[in-house]
Amino acid sequence: MIDLKYIRQNPEQIQQAIINKNEKADLAALLALDESRRKLQYDFDTHKAEQNRMSDVIATKKRNKEDASKELSEMSLVAEKIKQLQAELSQQNAELDSLLLRIPNVPESDVPIGNDESFNEIIRHEGELKKWDFEPQDHLQLAQANGLIDFMRGAKISGSGFPVYSALGARLERALINFMLEYHQQKHGYSELMVPLMVNRKAMTGTGQLPKLEDDMYRCNEDDLFLIPTAEVPVTNYYMDEVLSYKDLPLLHVAYSPCFRREAGSYGKETRGLKRLHQFNKVEMVRFCLPEDSPRHLEEMLDNAEAILKAFGLHYRVLKLATGDLSFASQKTYDLEVWAPGSKEYLEVSSVSNFGEFQARRANIRYRDAAGKMQFPHTLNGSGVATPRLMIAILESYQNADGSIQIPDVLKPWLELRINK
RNA sequence: GGAGAGGUGACCGAGCUGGCUGAAGGUGCACGCCUGCUAAGCGUGUGUAGGAGAAAUCUUACCCAGGGUUCGAAUCCCUGCCUCUCCGCCA
């Protein structure tokens, strides 16, 4: 969340951010409530100060065995009043919090302004575009022909969007996950966490998925737990309510997890095959760092994600997201889109974001700086990367004329085989 | 699931027969001193969040969370959550 004091002092900037991000936060109501709450706070404080002072007087009198009945009867009235003020105050505080939690993070100044993805800025293209002397098939045909993925049976047992990876498909998927996990640990210095797949409301609020996206998540009502839409949630909240030392920073974590997304209402062509799923696998990178270092860490994470695509020799492009396409909590995001030669389109496989102190404030993650002062670290995260679309790009890029798939060299340690029909 | 114990500051840990405790002591951290041989000794300082104020400063809240009793609660009562120990069940 944004510092309330900052909002109070820079309302125009916040309002502009709300507009640029297509959010519906009610800034006017927030400011009005803030005003009235401060008055109430002052009133409450004044009464409370009086009560505290008189309590001392009463205590002293009693100790000296003097009569305090006059003070006692006076104070019972004040106690009444305080109780009433307190009730009002805690109600206003709750309302204020709920309004504050709906104020989005402010995009950085170099983020392109525009209310949808058409304003995203293509920064560069990387990797070779492969050419074949035959017409490349798309991943659905290849997966089917090689018996790698069973969409029908997945739909039978769970519904559409829940594929079953079978036989070599399962091994390939597992190899991808292992390759990426190892790569980030060995080459990029991340430390692995294996995290719960269900988290509570507080954690979901900490990273900013709640309150906005409640309807997009699978939920266990009985226990008020949510299936994670990304490992970002448990990994970032790992340090929730903790005070770190500046010496601990930066912290780099990588985690593999399945990701669960309801994404109600997103049906159509897009949902065919592996492109859009309710459950998919992803390796996620998360960083906690000193505020002044976060821009550098964002670029490093982008490199880390790109390294995976480069390791497979895939063609991809790097996008800087426009304000309207930025997530609620992000202040700057790069997307990586890999080229799928069979489907002939770019597919998003990674989103790398800097959240500034936005998430740290929400999750109450702090650190003590060299001078001993409490500060909020900056948090960042990036997919490194999501497997389904990586799988698409690999199947389509490594196909042979006969419909078989060549296994990329980097996966050899996990998968020696060549997949044949 | 049953029985017991407990949740205090960055961390550990006193207090818990209600008022003089925002909270002893230690560790850590910061600064200074001393000493010099593999690391220590000594001194000083060190809560967070909100409100008022130009500032000095004043003030409020906070001892898991939420209620209650009381003029007054870290301390008493209730509810919830969590942790630990023992028993049961189970992968």
# chains A, B, ... in the order shown; residues from 1 in each chain; ligands from 1
call {"tool": "residues_around", "arguments": {"residues": "G19 (chain B)", "least_positions_apart": "4", "cutoff": "10 Å", "atoms": "only C-alpha atoms (C1' of nucleotides)", "output": "PyMOL selection string"}}
result
(chain A and resi 55-60+62-63) or (chain B and resi 72-73)
call {"tool": "write_last_selection", "arguments": {"atoms": "N, CA and C atoms (P, O5', C5', C4', C3', O3' and C1' of nucleotides)", "output": "short mmCIF file (atom, residue, chain, number, x, y, z; two decimals), in the first residue's frame"}}
result
data_model
loop_
_atom_site.label_atom_id
_atom_site.label_comp_id
_atom_site.auth_asym_id
_atom_site.auth_seq_id
_atom_site.Cartn_x
_atom_site.Cartn_y
_atom_site.Cartn_z
N SER A 55 -6.06 8.96 36.64
CA SER A 55 -5.77 7.63 37.19
C SER A 55 -4.59 7.69 38.14
N ASP A 56 -3.61 8.50 37.75
CA ASP A 56 -2.44 8.68 38.61
C ASP A 56 -2.83 9.34 39.93
N VAL A 57 -3.68 10.37 39.81
CA VAL A 57 -4.13 11.08 41.00
C VAL A 57 -4.84 10.11 41.94
N ILE A 58 -5.72 9.31 41.38
CA ILE A 58 -6.48 8.34 42.17
C ILE A 58 -5.54 7.33 42.82
N ALA A 59 -4.60 6.86 42.04
CA ALA A 59 -3.65 5.88 42.56
C ALA A 59 -2.88 6.44 43.75
N THR A 60 -2.43 7.70 43.60
CA THR A 60 -1.67 8.33 44.67
C THR A 60 -2.52 8.48 45.94
N LYS A 62 -5.12 6.78 46.85
CA LYS A 62 -5.39 5.49 47.47
C LYS A 62 -4.18 5.00 48.25
N ARG A 63 -3.02 5.24 47.67
CA ARG A 63 -1.81 4.80 48.35
C ARG A 63 -1.65 5.53 49.69
P G B 72 -11.98 2.61 33.60
"O5'" G B 72 -10.43 2.48 33.91
"C5'" G B 72 -9.50 3.32 33.23
"C4'" G B 72 -8.10 3.07 33.75
"C3'" G B 72 -7.59 1.64 33.59
"O3'" G B 72 -7.07 1.45 32.30
"C1'" G B 72 -7.16 2.39 35.78
P A B 73 -7.10 -0.01 31.65
"O5'" A B 73 -6.05 -0.82 32.55
"C5'" A B 73 -4.63 -0.70 32.40
"C4'" A B 73 -4.06 -2.09 32.26
"C3'" A B 73 -4.37 -2.70 30.90
"O3'" A B 73 -3.24 -3.03 30.11
"C1'" A B 73 -5.14 -4.09 32.67
#
call {"tool": "interface_residues", "arguments": {"of": "chain B", "to": "chain A", "cutoff": "8 Å", "atoms": "only C-alpha atoms (C1' of nucleotides)", "output": "VMD selection string"}}
result
chain B and resid 10 19 29 to 30 46 51 to 52 59 to 60 71 to 72
call {"tool": "closest_residue", "arguments": {"among": "A:Ile113, A:Ala29, A:Leu290, A:Leu148", "to": "Ser98 (chain A)", "atoms": "only C-alpha atoms"}}
result
A:Ala29
call {"tool": "atom_distance", "arguments": {"atom1": "CA of His139 (chain A)", "atom2": "CA of Ser158 (chain A)"}}
result
21.7 Å
call {"tool": "residues_around", "arguments": {"residues": "region 390-393 of chain A", "least_positions_apart": "5", "cutoff": "7 Å", "atoms": "only C-alpha atoms (C1' of nucleotides)", "output": "list of chain:residue names"}}
result
A:His139, A:Val338, A:Trp339, A:Ala340, A:Val349
call {"tool": "select_by_dssp", "arguments": {"residues": "region 114-288 of chain A", "states": "strand (DSSP E or B)", "output": "number ranges by chain"}}
result
A: 121-126, 149-150, 164-165, 191-192, 198-200, 219-220, 225-227, 243-245, 251-260, 279-288
call {"tool": "write_last_selection", "arguments": {"atoms": "C-alpha atoms", "output": "mmCIF file, in the first residue's frame"}}
result
data_model
loop_
_atom_site.group_PDB
_atom_site.id
_atom_site.type_symbol
_atom_site.label_atom_id
_atom_site.label_comp_id
_atom_site.auth_asym_id
_atom_site.auth_seq_id
_atom_site.Cartn_x
_atom_site.Cartn_y
_atom_site.Cartn_z
ATOM 1 C CA GLU A 121 6.589 -0.813 -25.604
ATOM 2 C CA ILE A 122 8.553 -3.469 -27.468
ATOM 3 C CA ILE A 123 12.096 -2.956 -26.293
ATOM 4 C CA ARG A 124 14.015 -5.529 -28.290
ATOM 5 C CA HIS A 125 13.993 -8.928 -29.948
ATOM 6 C CA GLU A 126 16.416 -11.685 -29.037
ATOM 7 C CA ILE A 149 -0.401 -34.358 -23.043
ATOM 8 C CA ASP A 150 -3.916 -35.664 -22.478
ATOM 9 C CA VAL A 164 -2.613 -34.330 -17.820
ATOM 10 C CA TYR A 165 1.028 -34.646 -18.791
ATOM 11 C CA SER A 191 18.059 -19.980 -2.691
ATOM 12 C CA GLU A 192 15.184 -22.390 -3.110
ATOM 13 C CA MET A 198 -2.629 -22.742 -0.024
ATOM 14 C CA VAL A 199 -2.278 -19.468 1.819
ATOM 15 C CA ASN A 200 -4.462 -17.421 4.115
ATOM 16 C CA ARG A 219 -10.854 -20.767 -2.475
ATOM 17 C CA CYS A 220 -11.382 -23.168 0.361
ATOM 18 C CA LEU A 225 -7.584 -20.486 2.409
ATOM 19 C CA PHE A 226 -6.748 -19.693 -1.197
ATOM 20 C CA LEU A 227 -4.917 -21.755 -3.791
ATOM 21 C CA VAL A 243 12.225 -7.114 10.796
ATOM 22 C CA LEU A 244 15.294 -7.956 8.748
ATOM 23 C CA SER A 245 18.711 -6.398 8.984
ATOM 24 C CA LEU A 251 17.582 -11.849 -0.401
ATOM 25 C CA LEU A 252 17.054 -13.986 -3.487
ATOM 26 C CA HIS A 253 14.606 -16.861 -3.508
ATOM 27 C CA VAL A 254 13.435 -19.198 -6.203
ATOM 28 C CA ALA A 255 10.479 -21.533 -5.889
ATOM 29 C CA TYR A 256 8.674 -23.968 -8.076
ATOM 30 C CA SER A 257 4.938 -24.294 -7.629
ATOM 31 C CA PRO A 258 1.813 -25.170 -9.499
ATOM 32 C CA CYS A 259 -0.284 -22.047 -10.012
ATOM 33 C CA PHE A 260 -4.065 -21.994 -9.830
ATOM 34 C CA GLN A 279 -3.455 -25.061 -13.270
ATOM 35 C CA PHE A 280 0.071 -24.718 -14.560
ATOM 36 C CA ASN A 281 3.631 -24.962 -13.336
ATOM 37 C CA LYS A 282 5.975 -22.067 -12.823
ATOM 38 C CA VAL A 283 9.388 -21.364 -11.389
ATOM 39 C CA GLU A 284 9.292 -18.004 -9.668
ATOM 40 C CA MET A 285 12.097 -15.679 -8.612
ATOM 41 C CA VAL A 286 11.630 -13.242 -5.745
ATOM 42 C CA ARG A 287 14.001 -10.594 -4.462
ATOM 43 C CA PHE A 288 14.056 -8.359 -1.397
#
call {"tool": "select_by_dssp", "arguments": {"residues": "region 208-407 of chain A", "states": "alpha helix (DSSP H)", "output": "PyMOL selection string"}}
result
chain A and resi 232-236+294-311+358-363+387-397
call {"tool": "write_last_selection", "arguments": {"atoms": "N, CA and C atoms", "output": "compact mmCIF listing (two decimals), in the first residue's frame"}}
result
# COMPACT_ATOMS: atom_id res chain seq x y z
N GLU A 232 4.85 -16.36 -5.94
CA GLU A 232 5.14 -15.02 -5.41
C GLU A 232 4.47 -14.81 -4.05
N VAL A 233 3.26 -15.31 -3.91
CA VAL A 233 2.49 -15.03 -2.70
C VAL A 233 3.14 -15.66 -1.45
N PRO A 234 3.32 -16.98 -1.41
CA PRO A 234 3.97 -17.53 -0.22
C PRO A 234 5.43 -17.10 -0.06
N VAL A 235 6.15 -16.93 -1.15
CA VAL A 235 7.57 -16.58 -1.02
C VAL A 235 7.74 -15.16 -0.51
N THR A 236 6.99 -14.22 -1.05
CA THR A 236 7.11 -12.83 -0.60
C THR A 236 6.66 -12.71 0.85
N SER A 294 16.69 -1.31 -6.12
CA SER A 294 15.67 -2.10 -6.82
C SER A 294 15.67 -1.94 -8.35
N PRO A 295 15.97 -0.76 -8.89
CA PRO A 295 16.02 -0.68 -10.35
C PRO A 295 17.07 -1.63 -10.95
N ARG A 296 18.20 -1.72 -10.29
CA ARG A 296 19.25 -2.62 -10.76
C ARG A 296 18.78 -4.08 -10.66
N HIS A 297 18.12 -4.40 -9.54
CA HIS A 297 17.65 -5.78 -9.36
C HIS A 297 16.59 -6.15 -10.40
N LEU A 298 15.80 -5.18 -10.79
CA LEU A 298 14.79 -5.46 -11.82
C LEU A 298 15.48 -5.89 -13.11
N GLU A 299 16.52 -5.15 -13.49
CA GLU A 299 17.24 -5.49 -14.72
C GLU A 299 17.92 -6.85 -14.60
N GLU A 300 18.46 -7.13 -13.42
CA GLU A 300 19.11 -8.43 -13.21
C GLU A 300 18.12 -9.58 -13.33
N MET A 301 16.95 -9.40 -12.75
CA MET A 301 15.94 -10.46 -12.82
C MET A 301 15.48 -10.68 -14.24
N LEU A 302 15.38 -9.59 -14.97
CA LEU A 302 15.01 -9.71 -16.38
C LEU A 302 16.06 -10.57 -17.09
N ASP A 303 17.33 -10.29 -16.82
CA ASP A 303 18.43 -11.10 -17.36
C ASP A 303 18.28 -12.57 -16.97
N ASN A 304 17.96 -12.79 -15.69
CA ASN A 304 17.82 -14.15 -15.19
C ASN A 304 16.73 -14.91 -15.94
N ALA A 305 15.62 -14.24 -16.20
CA ALA A 305 14.53 -14.89 -16.93
C ALA A 305 14.93 -15.12 -18.38
N GLU A 306 15.59 -14.12 -18.96
CA GLU A 306 16.02 -14.26 -20.35
C GLU A 306 17.01 -15.40 -20.52
N ALA A 307 17.83 -15.61 -19.48
CA ALA A 307 18.86 -16.65 -19.55
C ALA A 307 18.23 -18.01 -19.84
N ILE A 308 17.04 -18.24 -19.29
CA ILE A 308 16.35 -19.51 -19.52
C ILE A 308 15.99 -19.65 -21.00
N LEU A 309 15.42 -18.60 -21.56
CA LEU A 309 15.02 -18.66 -22.96
C LEU A 309 16.24 -18.79 -23.87
N LYS A 310 17.31 -18.10 -23.48
CA LYS A 310 18.55 -18.18 -24.26
C LYS A 310 19.13 -19.59 -24.21
N ALA A 311 19.03 -20.21 -23.03
CA ALA A 311 19.57 -21.56 -22.88
C ALA A 311 18.90 -22.52 -23.86
N PHE A 358 5.66 -1.20 -1.93
CA PHE A 358 4.21 -1.42 -1.89
C PHE A 358 3.82 -2.70 -1.17
N GLN A 359 4.44 -3.81 -1.57
CA GLN A 359 4.12 -5.09 -0.94
C GLN A 359 4.68 -5.17 0.47
N ALA A 360 5.88 -4.65 0.66
CA ALA A 360 6.51 -4.70 1.98
C ALA A 360 5.66 -3.99 3.02
N ARG A 361 5.07 -2.87 2.62
CA ARG A 361 4.18 -2.14 3.52
C ARG A 361 2.96 -2.98 3.87
N ARG A 362 2.37 -3.56 2.86
CA ARG A 362 1.17 -4.38 3.10
C ARG A 362 1.49 -5.57 3.98
N ALA A 363 2.59 -6.23 3.68
CA ALA A 363 2.92 -7.46 4.40
C ALA A 363 3.69 -7.15 5.68
N THR A 387 5.92 -22.82 -17.31
CA THR A 387 6.24 -23.93 -18.23
C THR A 387 5.31 -24.11 -19.44
N PRO A 388 4.01 -23.87 -19.34
CA PRO A 388 3.16 -24.27 -20.47
C PRO A 388 3.55 -23.63 -21.79
N ARG A 389 3.79 -22.34 -21.76
CA ARG A 389 4.10 -21.67 -23.02
C ARG A 389 5.56 -21.91 -23.42
N LEU A 390 6.39 -22.18 -22.42
CA LEU A 390 7.76 -22.59 -22.73
C LEU A 390 7.71 -23.94 -23.44
N MET A 391 6.86 -24.80 -22.93
CA MET A 391 6.66 -26.12 -23.55
C MET A 391 6.19 -25.97 -25.00
N ILE A 392 5.25 -25.08 -25.21
CA ILE A 392 4.75 -24.82 -26.56
C ILE A 392 5.91 -24.42 -27.47
N ALA A 393 6.69 -23.44 -27.00
CA ALA A 393 7.79 -22.93 -27.82
C ALA A 393 8.82 -24.01 -28.09
N ILE A 394 9.09 -24.83 -27.09
CA ILE A 394 10.09 -25.88 -27.27
C ILE A 394 9.59 -26.96 -28.24
N LEU A 395 8.38 -27.42 -28.02
CA LEU A 395 7.83 -28.44 -28.93
C LEU A 395 7.84 -27.94 -30.36
N GLU A 396 7.40 -26.71 -30.53
CA GLU A 396 7.28 -26.19 -31.89
C GLU A 396 8.64 -25.86 -32.49
N SER A 397 9.58 -25.46 -31.67
CA SER A 397 10.90 -25.08 -32.18
C SER A 397 11.82 -26.27 -32.39
call {"tool": "residues_around", "arguments": {"residues": "Trp132 (chain A)", "least_positions_apart": "5", "cutoff": "12 Å", "atoms": "only C-alpha atoms (C1' of nucleotides)", "output": "list in words"}}
result
Gln137, Pro341, Gly342, Glu396, Ser397, Tyr398, Gln399, Asn400 and Ala401 of chain A
call {"tool": "write_last_selection", "arguments": {"atoms": "N, CA, C and O atoms", "output": "JSON list (two decimals), in the first residue's frame"}}
result
[["chain", "number", "residue", "atom", "x", "y", "z"],
["A", 137, "GLN", "N", 4.33, -27.73, -37.36],
["A", 137, "GLN", "CA", 3.04, -28.00, -36.75],
["A", 137, "GLN", "C", 2.92, -27.20, -35.44],
["A", 137, "GLN", "O", 3.92, -26.74, -34.89],
["A", 341, "PRO", "N", 6.73, -20.92, -33.21],
["A", 341, "PRO", "CA", 6.76, -20.96, -34.67],
["A", 341, "PRO", "C", 5.60, -21.73, -35.30],
["A", 341, "PRO", "O", 5.22, -21.44, -36.43],
["A", 342, "GLY", "N", 5.03, -22.69, -34.56],
["A", 342, "GLY", "CA", 3.91, -23.44, -35.11],
["A", 342, "GLY", "C", 2.63, -22.62, -35.09],
["A", 342, "GLY", "O", 1.90, -22.53, -36.07],
["A", 396, "GLU", "N", 7.40, -26.71, -30.53],
["A", 396, "GLU", "CA", 7.28, -26.19, -31.89],
["A", 396, "GLU", "C", 8.64, -25.86, -32.49],
["A", 396, "GLU", "O", 8.84, -25.98, -33.70],
["A", 397, "SER", "N", 9.58, -25.46, -31.67],
["A", 397, "SER", "CA", 10.90, -25.08, -32.18],
["A", 397, "SER", "C", 11.82, -26.27, -32.39],
["A", 397, "SER", "O", 12.74, -26.21, -33.19],
["A", 398, "TYR", "N", 11.59, -27.34, -31.63],
["A", 398, "TYR", "CA", 12.48, -28.50, -31.71],
["A", 398, "TYR", "C", 11.85, -29.66, -32.47],
["A", 398, "TYR", "O", 12.24, -30.80, -32.31],
["A", 399, "GLN", "N", 10.86, -29.37, -33.29],
["A", 399, "GLN", "CA", 10.21, -30.44, -34.04],
["A", 399, "GLN", "C", 11.00, -30.81, -35.28],
["A", 399, "GLN", "O", 11.73, -30.00, -35.85],
["A", 400, "ASN", "N", 10.88, -32.06, -35.63],
["A", 400, "ASN", "CA", 11.50, -32.55, -36.86],
["A", 400, "ASN", "C", 10.42, -32.71, -37.93],
["A", 400, "ASN", "O", 9.23, -32.67, -37.62],
["A", 401, "ALA", "N", 10.90, -32.92, -39.15],
["A", 401, "ALA", "CA", 9.97, -33.03, -40.27],
["A", 401, "ALA", "C", 8.98, -34.18, -40.07],
["A", 401, "ALA", "O", 7.82, -34.11, -40.49]]
call {"tool": "atom_distance", "arguments": {"atom1": "CA of Phe376 (chain A)", "atom2": "CA of Glu23 (chain A)"}}
result
24.6 Å
call {"tool": "atom_distance", "arguments": {"atom1": "CA of Ala231 (chain A)", "atom2": "CA of Glu182 (chain A)"}}
result
16.7 Å
